[in-house]
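Student: What follows is data_2.txt, compact mmCIF, C-alpha atoms.
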# COMPACT_ATOMS: atom_id res chain seq x y z
CA MET A 111 29.38 -19.54 77.32
CA ARG A 112 27.62 -22.87 77.67
CA THR A 113 28.19 -23.71 81.36
CA PRO A 114 24.98 -23.23 83.36
CA ILE A 115 25.25 -20.39 85.88
CA ALA A 116 23.84 -22.64 88.62
CA TYR A 117 27.02 -24.75 88.56
CA PHE A 118 29.09 -21.74 89.57
CA VAL A 119 26.64 -20.80 92.33
CA VAL A 120 26.62 -24.34 93.74
CA LEU A 121 30.43 -24.49 93.59
CA SER A 122 30.53 -21.17 95.41
CA GLY A 123 28.19 -22.62 98.07
CA VAL A 124 30.40 -25.69 98.49
CA LEU A 125 33.54 -23.56 98.90
CA PHE A 126 31.72 -21.31 101.38
CA THR A 127 30.70 -24.38 103.40
CA LEU A 128 34.27 -25.66 103.45
CA GLY A 129 35.38 -22.24 104.72
CA THR A 130 32.73 -22.37 107.42
CA LEU A 131 33.90 -25.84 108.46
CA GLY A 132 37.44 -24.47 108.67
CA VAL A 133 36.27 -21.72 111.03
CA LEU A 134 34.35 -24.24 113.15
CA LEU A 135 36.93 -27.03 113.28
CA ARG A 136 40.39 -25.45 113.35
CA LYS A 137 42.09 -24.07 116.46
CA ASN A 138 44.94 -22.07 114.98
CA ALA A 139 43.84 -18.45 114.62
CA LEU A 140 45.80 -18.13 111.35
CA LEU A 141 43.97 -21.10 109.81
CA ILE A 142 40.62 -19.74 110.96
CA PHE A 143 41.53 -16.48 109.28
CA MET A 144 42.46 -18.27 106.05
CA SER A 145 39.10 -20.04 106.12
CA VAL A 146 37.40 -16.65 106.36
CA GLU A 147 39.32 -15.61 103.22
CA LEU A 148 38.00 -18.75 101.50
CA GLN A 149 34.45 -17.75 102.43
CA LEU A 150 34.96 -14.24 101.03
CA ASN A 151 36.29 -15.68 97.77
CA ALA A 152 33.36 -18.08 97.47
CA VAL A 153 30.94 -15.18 97.74
CA ASN A 154 32.94 -13.25 95.13
CA LEU A 155 32.50 -16.16 92.71
CA ALA A 156 28.72 -16.07 93.20
CA LEU A 157 28.72 -12.30 92.63
CA VAL A 158 30.63 -12.59 89.36
CA ALA A 159 28.42 -15.48 88.19
CA PHE A 160 25.24 -13.47 88.84
CA SER A 161 26.81 -10.45 87.16
CA ARG A 162 27.28 -12.61 84.05
CA MET A 163 23.72 -13.91 84.25
CA HIS A 164 22.09 -10.49 84.53
CA LEU A 165 24.30 -8.89 81.85
CA ALA A 166 25.34 -6.14 84.26
CA LEU A 167 28.72 -5.15 85.66
CA ASP A 168 27.50 -4.18 89.14
CA GLY A 169 28.28 -7.65 90.49
CA GLN A 170 31.86 -7.40 89.29
CA VAL A 171 32.24 -3.95 90.85
CA LEU A 172 30.87 -5.32 94.14
CA ALA A 173 33.33 -8.22 93.99
CA PHE A 174 36.10 -5.66 93.43
CA PHE A 175 35.01 -3.71 96.53
CA SER A 176 34.89 -6.93 98.51
CA MET A 177 38.51 -7.62 97.52
CA VAL A 178 39.54 -4.14 98.73
CA VAL A 179 37.76 -4.68 102.05
CA ALA A 180 39.32 -8.15 102.35
CA ALA A 181 42.79 -6.67 101.86
CA ALA A 182 42.20 -4.10 104.62
CA GLU A 183 40.71 -6.79 106.84
CA VAL A 184 43.72 -9.08 106.39
CA VAL A 185 46.12 -6.31 107.39
CA VAL A 186 44.27 -5.52 110.61
CA GLY A 187 43.48 -9.16 111.43
CA LEU A 188 47.08 -10.31 111.04
CA ALA A 189 48.27 -7.37 113.17
CA ILE A 190 45.83 -8.47 115.89
CA ILE A 191 47.03 -12.08 115.64
CA VAL A 192 50.67 -10.95 115.96
CA ALA A 193 49.74 -8.78 118.97
CA VAL A 194 47.94 -11.74 120.61
CA TYR A 195 50.96 -13.96 119.94
CA ARG A 196 53.31 -11.45 121.57
CA ARG A 197 51.10 -11.26 124.63
CA ARG A 198 50.26 -14.96 125.08
CA GLY A 199 52.91 -16.87 123.12
CA THR A 200 50.30 -18.89 121.21
CA VAL A 201 47.70 -18.41 118.48
CA ASP A 202 45.51 -21.30 119.65
CA VAL A 203 42.02 -19.86 120.12
CA ASP A 204 41.26 -22.34 122.93
CA GLU A 205 44.01 -20.69 124.99
CA ALA A 206 42.45 -17.25 124.62
CA ARG A 207 39.84 -17.64 127.32
CA GLY A 208 40.57 -14.65 129.51
CA LEU A 209 36.93 -13.62 129.35
CA ALA A 210 35.54 -17.10 130.11
CA GLY A 211 33.34 -17.17 133.19
CA MET B 71 31.54 -30.47 74.88
CA PRO B 72 32.20 -26.73 74.71
CA LEU B 73 35.53 -25.43 75.87
CA ASP B 74 34.35 -23.48 78.91
CA ASN B 75 32.53 -26.58 80.15
CA VAL B 76 35.78 -28.53 79.96
CA VAL B 77 37.61 -25.77 81.86
CA PHE B 78 34.90 -25.73 84.51
CA TRP B 79 34.96 -29.49 85.09
CA VAL B 80 38.75 -29.51 85.24
CA PHE B 81 39.07 -26.67 87.73
CA ALA B 82 36.00 -27.23 89.93
CA PRO B 83 37.34 -30.50 91.44
CA ILE B 84 40.77 -28.88 91.90
CA SER B 85 39.29 -25.93 93.76
CA VAL B 86 37.16 -28.15 96.04
CA ALA B 87 40.08 -30.54 96.66
CA SER B 88 42.43 -27.68 97.53
CA ALA B 89 39.86 -26.24 99.94
CA ILE B 90 39.54 -29.65 101.63
CA GLY B 91 43.33 -29.90 101.69
CA MET B 92 43.53 -26.54 103.45
CA LEU B 93 40.99 -27.80 105.96
CA LEU B 94 42.93 -30.98 106.77
CA MET B 95 46.57 -29.83 106.75
CA ARG B 96 48.20 -29.71 110.16
CA ASN B 97 51.03 -27.50 108.95
CA ALA B 98 49.98 -23.87 108.43
CA VAL B 99 52.38 -23.34 105.49
CA HIS B 100 50.90 -26.29 103.59
CA ALA B 101 47.40 -24.98 104.26
CA ALA B 102 48.40 -21.54 102.93
CA LEU B 103 49.81 -23.09 99.74
CA PHE B 104 46.59 -25.04 99.19
CA LEU B 105 44.71 -21.78 99.59
CA VAL B 106 46.89 -20.23 96.83
CA VAL B 107 45.88 -23.12 94.51
CA ASN B 108 42.24 -22.40 95.34
CA PHE B 109 42.65 -18.69 94.56
CA PHE B 110 44.18 -19.51 91.17
CA CYS B 111 41.23 -21.78 90.35
CA LEU B 112 38.82 -18.98 91.23
CA ALA B 113 40.80 -16.65 88.95
CA VAL B 114 40.27 -19.13 86.09
CA PHE B 115 36.52 -19.16 86.81
CA TYR B 116 36.48 -15.35 86.56
CA LEU B 117 38.11 -15.70 83.16
CA ILE B 118 35.42 -18.02 81.79
CA LEU B 119 32.77 -15.75 83.32
CA ASP B 120 34.05 -12.92 81.08
CA ALA B 121 35.65 -10.94 83.92
CA PRO B 122 39.32 -10.63 82.87
CA PHE B 123 39.89 -7.57 85.09
CA LEU B 124 38.89 -9.51 88.21
CA PHE B 125 41.06 -12.39 86.99
CA ALA B 126 44.09 -10.11 87.12
CA VAL B 127 43.07 -8.50 90.41
CA GLN B 128 42.46 -11.92 91.99
CA ILE B 129 45.96 -13.11 91.12
CA ILE B 130 47.72 -9.86 92.06
CA VAL B 131 45.82 -9.07 95.27
CA TYR B 132 44.83 -12.49 96.63
CA ALA B 133 47.38 -14.99 95.35
CA GLY B 134 50.07 -12.32 95.47
CA ALA B 135 49.75 -9.75 98.22
CA ILE B 136 47.39 -11.35 100.74
CA MET B 137 48.96 -14.82 100.69
CA VAL B 138 52.46 -13.36 100.96
CA LEU B 139 51.27 -11.48 104.05
CA PHE B 140 49.84 -14.72 105.47
CA LEU B 141 53.03 -16.68 104.80
CA PHE B 142 55.10 -13.86 106.29
CA VAL B 143 53.10 -13.96 109.54
CA ILE B 144 53.21 -17.80 109.63
CA MET B 145 57.01 -17.64 109.34
CA LEU B 146 57.15 -14.86 111.96
CA LEU B 147 55.18 -16.89 114.49
CA GLY B 148 57.07 -20.14 113.89
CA VAL B 149 56.09 -22.96 111.56
CA ASP B 150 57.08 -26.12 113.41
CA ARG B 151 54.26 -26.21 115.91
CA GLY B 152 51.44 -28.31 114.48
CA ASP B 153 47.86 -27.45 115.23
CA ASP B 154 46.46 -29.09 118.36
CA LEU B 155 43.75 -31.28 116.88
CA ARG B 156 42.13 -32.40 120.12
CA GLU B 157 38.58 -31.12 120.36
CA ARG B 158 37.55 -29.70 123.72
CA LEU B 159 33.92 -28.84 123.02
CA PHE B 160 31.28 -31.53 123.29
CA ALA B 161 30.06 -32.85 119.89
CA GLN B 162 31.57 -29.87 118.05
CA ARG B 163 32.83 -31.88 115.05
CA PRO B 164 29.72 -33.97 114.28
CA LEU B 165 27.53 -30.90 114.68
CA ALA B 166 29.79 -28.84 112.37
CA LEU B 167 29.81 -31.55 109.69
CA ALA B 168 26.02 -31.95 109.91
CA LEU B 169 25.60 -28.20 109.61
CA GLY B 170 27.90 -28.12 106.56
CA ALA B 171 26.04 -30.96 104.82
CA GLY B 172 22.71 -29.32 105.55
CA PHE B 173 23.98 -26.01 104.21
CA VAL B 174 25.13 -27.53 100.92
CA ILE B 175 21.80 -29.33 100.44
CA GLU B 176 19.96 -26.11 101.20
CA ILE B 177 21.99 -24.16 98.63
CA VAL B 178 21.41 -26.82 95.95
CA LEU B 179 17.65 -26.75 96.60
CA ALA B 180 17.57 -22.94 96.64
CA VAL B 181 19.50 -22.71 93.36
CA ARG B 182 17.19 -25.28 91.74
CA ALA B 183 14.12 -23.35 92.86
CA GLY B 184 15.63 -19.95 92.03
CA ILE B 185 17.46 -20.10 88.71
CA GLY B 186 17.29 -23.79 87.77
CA PHE B 187 20.14 -26.01 86.64
CA ALA B 188 19.49 -25.55 82.94
CA THR B 189 19.73 -21.74 82.79
CA LYS B 190 22.65 -20.75 80.60
CA ALA B 191 24.17 -17.31 80.73
CA PRO B 192 22.48 -15.14 78.07
CA ALA B 193 24.54 -14.01 75.10
CA GLY B 194 25.40 -10.36 74.65
CA PHE B 195 27.90 -9.83 77.44
CA ASP B 196 30.39 -8.54 74.89
CA ALA B 197 28.12 -5.53 74.39
CA VAL B 198 28.18 -4.90 78.17
CA ASN B 199 31.96 -5.21 78.17
CA GLU B 200 32.34 -2.71 75.30
CA PRO B 201 35.04 -1.38 74.64
CA GLY B 202 36.82 -3.66 77.11
CA ASN B 203 36.10 -5.19 80.49
CA THR B 204 38.45 -2.85 82.36
CA GLN B 205 37.07 0.29 80.70
CA ALA B 206 33.49 -0.86 81.25
CA ILE B 207 34.14 -1.53 84.95
CA ALA B 208 35.83 1.88 85.25
CA ARG B 209 32.72 3.50 83.75
CA VAL B 210 30.41 1.80 86.28
CA LEU B 211 32.83 2.33 89.17
CA PHE B 212 33.44 6.04 88.65
CA ARG B 213 29.91 6.89 87.59
CA ASP B 214 27.55 4.86 89.79
CA TYR B 215 29.82 3.84 92.65
CA PHE B 216 32.02 6.90 93.07
CA PHE B 217 31.14 7.59 96.72
CA PRO B 218 31.79 3.97 97.87
CA PHE B 219 35.08 4.13 95.95
CA GLU B 220 36.14 7.21 97.92
CA ALA B 221 35.03 5.54 101.14
CA THR B 222 37.35 2.59 100.45
CA SER B 223 40.29 4.99 100.26
CA ILE B 224 39.51 6.14 103.81
CA LEU B 225 39.14 2.49 104.83
CA LEU B 226 42.60 1.63 103.47
CA ILE B 227 44.24 4.58 105.27
CA VAL B 228 42.55 3.60 108.56
CA ALA B 229 43.60 -0.04 108.10
CA ALA B 230 47.23 0.94 107.47
CA VAL B 231 47.30 3.17 110.57
CA ALA B 232 45.57 0.47 112.64
CA ALA B 233 48.15 -2.14 111.58
CA MET B 234 50.99 0.19 112.60
CA VAL B 235 49.39 0.95 115.97
CA LEU B 236 48.74 -2.74 116.68
CA GLY B 237 52.13 -3.84 115.42
CA GLN B 238 54.44 -1.51 117.31
CA ARG B 239 56.06 -2.61 120.51
CA LYS B 240 55.54 -0.47 123.57
CA ALA B 241 58.60 1.70 124.24
CA ARG B 242 60.42 0.53 127.36
CA ALA B 243 60.93 3.08 130.11
CA VAL B 244 64.52 4.35 130.25
CA THR B 245 66.20 3.39 133.51
CA GLN B 246 68.18 5.83 135.63
CA ALA B 247 71.43 3.96 134.87
CA GLU B 248 70.88 4.24 131.10
CA LEU B 249 70.15 7.94 131.53
CA GLU B 250 73.46 8.39 133.36
CA ALA B 251 75.28 6.44 130.64
CA MET B 252 73.73 8.59 127.92
CA ARG B 253 74.82 11.76 129.65
CA GLY B 254 78.30 10.28 129.86
Let me see the file written as C-alpha cells.

Tutor:
Amino acid sequence: MRTPIAYFVVLSGVLFTLGTLGVLLRKNALLIFMSVELQLNAVNLALVAFSRMHLALDGQVLAFFSMVVAAAEVVVGLAIIVAVYRRRGTVDVDEARGLAG
Amino acid sequence: MPLDNVVFWVFAPISVASAIGMLLMRNAVHAALFLVVNFFCLAVFYLILDAPFLFAVQIIVYAGAIMVLFLFVIMLLGVDRGDDLRERLFAQRPLALALGAGFVIEIVLAVRAGIGFATKAPAGFDAVNEPGNTQAIARVLFRDYFFPFEATSILLIVAAVAAMVLGQRKARAVTQAELEAMRG
C-alpha cells in the first residue's frame, strides 16, 4: 500500500470536524444525531489507519467495538427522539428549553 | 500512480463532499442519503487499509441497519417540515466555523509533527492477517478482548430493553363506561 497513513488521519480529522459543525449548526435533533454518527465513523477510520500502520489488529477490534456501541446508541437515541416528539410535537432542539432559567 | 492512491483520491473528495452535503441539506431524508454515500466511501477506505471484515461490517451495520433505522424514524416523524435555519444564539455560526477551521489546522499540524506526511504503511500486514482478516480478528477478539466482548452483549440487551421502555405508549386508564360495556 503506497498511500501515506497521514492522509487517512487528516481525512478522518476533516470528517470529524464536519460532524462537529453539524452538531453545532443544525437544529433538527435527527440531523444532530446523524452528525454524531459521522464523528464516530471518522474516528473509526483513524483507528483502522493506525492499526495498519502499527501492523496490529487491535485498532480494527476497537473499531468493531465502536460500531457495536454506535448501534446500541442509535437505538436508544432514536427512541428518545421519538418520545420527545410525542411529548412536544417537534424535534427542534431550540424548542426543548423546559430547563432554561 | 499506484492503484490504492487512485482509489484514495477518488473517494476522499466524495466522502468530504457528501459530509458537506449532509451538513447543508434542509430535508432530513436527503441528508440521510448523503450520509449513506459517506458510509460507503469509508467502507472503501477500510478495504484499501486491508480490513475487509470491517468493510463488510460497515456496509451491513452502518449503511444497512443504522441508516434504515434513521430513515424509518424520519418517515415516522414527518418529512415535509424543513429545518428552521434561523440562528437564535449570538455569533454561533461564525464561532462554529472558526472553531472547525482551527481544529482542522491543529490536526494537520499534529499529524505532521507526529507521524509525518511521508510515512507509508509498512509491508507485512499479510502476515498479521494470516490466515485471513476475519480469522485473525476473531483470534484477537476472543483471546485478548473476550471480557469487553461479553460486556457488549449486556450492552445490547440493555439497549433493546431501553428502546422498548422508551417507545411504548402509556396505557390509558379504562373508563367506567368502557368497563360496563366490557361486562356487557

Student: Near chain A, meaning an atom within 7 Å, which residues of chain B appear when counting only C-alpha atoms? Write them as a PDB file with C-alpha atoms, in the coordinates of the input.

Tutor:
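Result saved to result-v2.pdb:
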ATOM      1  CA  PRO B  72      32.200 -26.730  74.710  1.00  0.00           C
ATOM      2  CA  ASP B  74      34.350 -23.480  78.910  1.00  0.00           C
ATOM      3  CA  ASN B  75      32.530 -26.580  80.150  1.00  0.00           C
ATOM      4  CA  VAL B  86      37.160 -28.150  96.040  1.00  0.00           C
ATOM      5  CA  ALA B  89      39.860 -26.240  99.940  1.00  0.00           C
ATOM      6  CA  ILE B  90      39.540 -29.650 101.630  1.00  0.00           C
ATOM      7  CA  LEU B  93      40.990 -27.800 105.960  1.00  0.00           C
ATOM      8  CA  ALA B  98      49.980 -23.870 108.430  1.00  0.00           C
ATOM      9  CA  LEU B 119      32.770 -15.750  83.320  1.00  0.00           C
ATOM     10  CA  ILE B 136      47.390 -11.350 100.740  1.00  0.00           C
ATOM     11  CA  ASP B 153      47.860 -27.450 115.230  1.00  0.00           C
ATOM     12  CA  ASP B 154      46.460 -29.090 118.360  1.00  0.00           C
ATOM     13  CA  ARG B 163      32.830 -31.880 115.050  1.00  0.00           C
ATOM     14  CA  ALA B 166      29.790 -28.840 112.370  1.00  0.00           C
ATOM     15  CA  GLY B 170      27.900 -28.120 106.560  1.00  0.00           C
ATOM     16  CA  PHE B 173      23.980 -26.010 104.210  1.00  0.00           C
ATOM     17  CA  VAL B 174      25.130 -27.530 100.920  1.00  0.00           C
ATOM     18  CA  ILE B 177      21.990 -24.160  98.630  1.00  0.00           C
ATOM     19  CA  VAL B 178      21.410 -26.820  95.950  1.00  0.00           C
ATOM     20  CA  VAL B 181      19.500 -22.710  93.360  1.00  0.00           C
ATOM     21  CA  ILE B 185      17.460 -20.100  88.710  1.00  0.00           C
ATOM     22  CA  GLY B 186      17.290 -23.790  87.770  1.00  0.00           C
ATOM     23  CA  PHE B 187      20.140 -26.010  86.640  1.00  0.00           C
ATOM     24  CA  ALA B 188      19.490 -25.550  82.940  1.00  0.00           C
ATOM     25  CA  THR B 189      19.730 -21.740  82.790  1.00  0.00           C
ATOM     26  CA  LYS B 190      22.650 -20.750  80.600  1.00  0.00           C
ATOM     27  CA  ALA B 191      24.170 -17.310  80.730  1.00  0.00           C
ATOM     28  CA  PRO B 192      22.480 -15.140  78.070  1.00  0.00           C
ATOM     29  CA  PHE B 195      27.900  -9.830  77.440  1.00  0.00           C
ATOM     30  CA  VAL B 198      28.180  -4.900  78.170  1.00  0.00           C
ATOM     31  CA  ILE B 207      34.140  -1.530  84.950  1.00  0.00           C
ATOM     32  CA  LEU B 211      32.830   2.330  89.170  1.00  0.00           C
ATOM     33  CA  LEU B 226      42.600   1.630 103.470  1.00  0.00           C
ATOM     34  CA  ALA B 229      43.600  -0.040 108.100  1.00  0.00           C
ATOM     35  CA  ALA B 232      45.570   0.470 112.640  1.00  0.00           C
ATOM     36  CA  ALA B 233      48.150  -2.140 111.580  1.00  0.00           C
ATOM     37  CA  LEU B 236      48.740  -2.740 116.680  1.00  0.00           C
ATOM     38  CA  GLY B 237      52.130  -3.840 115.420  1.00  0.00           C
TER      39      GLY B 237
END

Student: So what do you get for atom CA of B:Val114 versus atom CA of B:Phe81, distance-wise?

Tutor: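 It comes out at 7.8 Å.
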
Student: Go through B:Leu147, B:Val228, B:Val244, B:Ala121 and flag the residue nearest A:Arg198, using all atoms listed in the file for the distances.

Tutor: B:Leu147

Student: What does the structure give for the distance between atom CA of B:Phe123 and atom CA of B:Asn203, in Å to one decimal?

Tutor: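 Atom CA of B:Phe123 sits 6.4 Å away from atom CA of B:Asn203.
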
Student: Just give me the gap between atom CA of B:Val77 and atom CA of B:Cys111 in Å, one decimal is fine.

Tutor: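 So the two atoms, atom CA of B:Val77 and atom CA of B:Cys111, lie 10.1 Å apart.
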
Student: Which residue, B:Leu117, B:Pro122, B:Met145, B:Ala193, has the smallest gap to B:Ala206 when you use all atoms listed in the file?

Tutor: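 Going through B:Leu117, B:Pro122, B:Met145, B:Ala193 one by one, the smallest distance to B:Ala206 is for B:Pro122.
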
Student: Starting from the incomplete input, reconstruct N, CA, C and O atoms of stretch 162-180 of chain B and report them as an mmCIF file, keeping the file's coordinate frame.

Tutor:
data_model
loop_
_atom_site.group_PDB
_atom_site.id
_atom_site.type_symbol
_atom_site.label_atom_id
_atom_site.label_comp_id
_atom_site.auth_asym_id
_atom_site.auth_seq_id
_atom_site.Cartn_x
_atom_site.Cartn_y
_atom_site.Cartn_z
ATOM 1 N N GLN B 162 31.362 -30.985 118.977
ATOM 2 C CA GLN B 162 31.570 -29.870 118.050
ATOM 3 C C GLN B 162 31.736 -30.359 116.621
ATOM 4 O O GLN B 162 31.145 -29.821 115.694
ATOM 5 N N ARG B 163 32.545 -31.427 116.424
ATOM 6 C CA ARG B 163 32.830 -31.880 115.050
ATOM 7 C C ARG B 163 31.614 -32.468 114.354
ATOM 8 O O ARG B 163 31.309 -32.052 113.228
ATOM 9 N N PRO B 164 30.905 -33.439 114.964
ATOM 10 C CA PRO B 164 29.720 -33.970 114.280
ATOM 11 C C PRO B 164 28.704 -32.882 113.969
ATOM 12 O O PRO B 164 28.136 -32.856 112.867
ATOM 13 N N LEU B 165 28.511 -31.965 114.917
ATOM 14 C CA LEU B 165 27.530 -30.900 114.680
ATOM 15 C C LEU B 165 27.981 -30.015 113.520
ATOM 16 O O LEU B 165 27.168 -29.638 112.663
ATOM 17 N N ALA B 166 29.292 -29.698 113.446
ATOM 18 C CA ALA B 166 29.790 -28.840 112.370
ATOM 19 C C ALA B 166 29.611 -29.522 111.022
ATOM 20 O O ALA B 166 29.186 -28.898 110.042
ATOM 21 N N LEU B 167 29.942 -30.838 110.962
ATOM 22 C CA LEU B 167 29.810 -31.550 109.690
ATOM 23 C C LEU B 167 28.341 -31.641 109.269
ATOM 24 O O LEU B 167 28.013 -31.456 108.088
ATOM 25 N N ALA B 168 27.451 -31.888 110.232
ATOM 26 C CA ALA B 168 26.020 -31.950 109.910
ATOM 27 C C ALA B 168 25.544 -30.605 109.388
ATOM 28 O O ALA B 168 24.806 -30.517 108.402
ATOM 29 N N LEU B 169 25.983 -29.536 110.050
ATOM 30 C CA LEU B 169 25.600 -28.200 109.610
ATOM 31 C C LEU B 169 26.086 -27.928 108.190
ATOM 32 O O LEU B 169 25.342 -27.409 107.349
ATOM 33 N N GLY B 170 27.354 -28.330 107.897
ATOM 34 C CA GLY B 170 27.900 -28.120 106.560
ATOM 35 C C GLY B 170 27.108 -28.870 105.506
ATOM 36 O O GLY B 170 26.751 -28.315 104.465
ATOM 37 N N ALA B 171 26.804 -30.162 105.780
ATOM 38 C CA ALA B 171 26.040 -30.960 104.820
ATOM 39 C C ALA B 171 24.668 -30.345 104.593
ATOM 40 O O ALA B 171 24.207 -30.206 103.452
ATOM 41 N N GLY B 172 24.024 -29.942 105.679
ATOM 42 C CA GLY B 172 22.710 -29.320 105.550
ATOM 43 C C GLY B 172 22.761 -28.048 104.738
ATOM 44 O O GLY B 172 21.881 -27.773 103.911
ATOM 45 N N PHE B 173 23.844 -27.277 104.925
ATOM 46 C CA PHE B 173 23.980 -26.010 104.210
ATOM 47 C C PHE B 173 24.132 -26.234 102.715
ATOM 48 O O PHE B 173 23.511 -25.529 101.896
ATOM 49 N N VAL B 174 24.942 -27.239 102.338
ATOM 50 C CA VAL B 174 25.130 -27.530 100.920
ATOM 51 C C VAL B 174 23.807 -27.966 100.278
ATOM 52 O O VAL B 174 23.429 -27.491 99.201
ATOM 53 N N ILE B 175 23.093 -28.870 100.976
ATOM 54 C CA ILE B 175 21.800 -29.330 100.440
ATOM 55 C C ILE B 175 20.858 -28.154 100.256
ATOM 56 O O ILE B 175 20.171 -28.018 99.230
ATOM 57 N N GLU B 176 20.854 -27.272 101.258
ATOM 58 C CA GLU B 176 19.960 -26.110 101.200
ATOM 59 C C GLU B 176 20.295 -25.225 99.998
ATOM 60 O O GLU B 176 19.400 -24.758 99.280
ATOM 61 N N ILE B 177 21.597 -25.016 99.753
ATOM 62 C CA ILE B 177 21.990 -24.160 98.630
ATOM 63 C C ILE B 177 21.577 -24.812 97.304
ATOM 64 O O ILE B 177 21.063 -24.139 96.400
ATOM 65 N N VAL B 178 21.792 -26.131 97.186
ATOM 66 C CA VAL B 178 21.410 -26.820 95.950
ATOM 67 C C VAL B 178 19.910 -26.665 95.703
ATOM 68 O O VAL B 178 19.460 -26.329 94.595
ATOM 69 N N LEU B 179 19.104 -26.882 96.764
ATOM 70 C CA LEU B 179 17.650 -26.750 96.600
ATOM 71 C C LEU B 179 17.267 -25.319 96.248
ATOM 72 O O LEU B 179 16.418 -25.081 95.375
ATOM 73 N N ALA B 180 17.915 -24.344 96.905
ATOM 74 C CA ALA B 180 17.570 -22.940 96.640
ATOM 75 C C ALA B 180 17.933 -22.561 95.215
ATOM 76 O O ALA B 180 17.170 -21.862 94.529
#
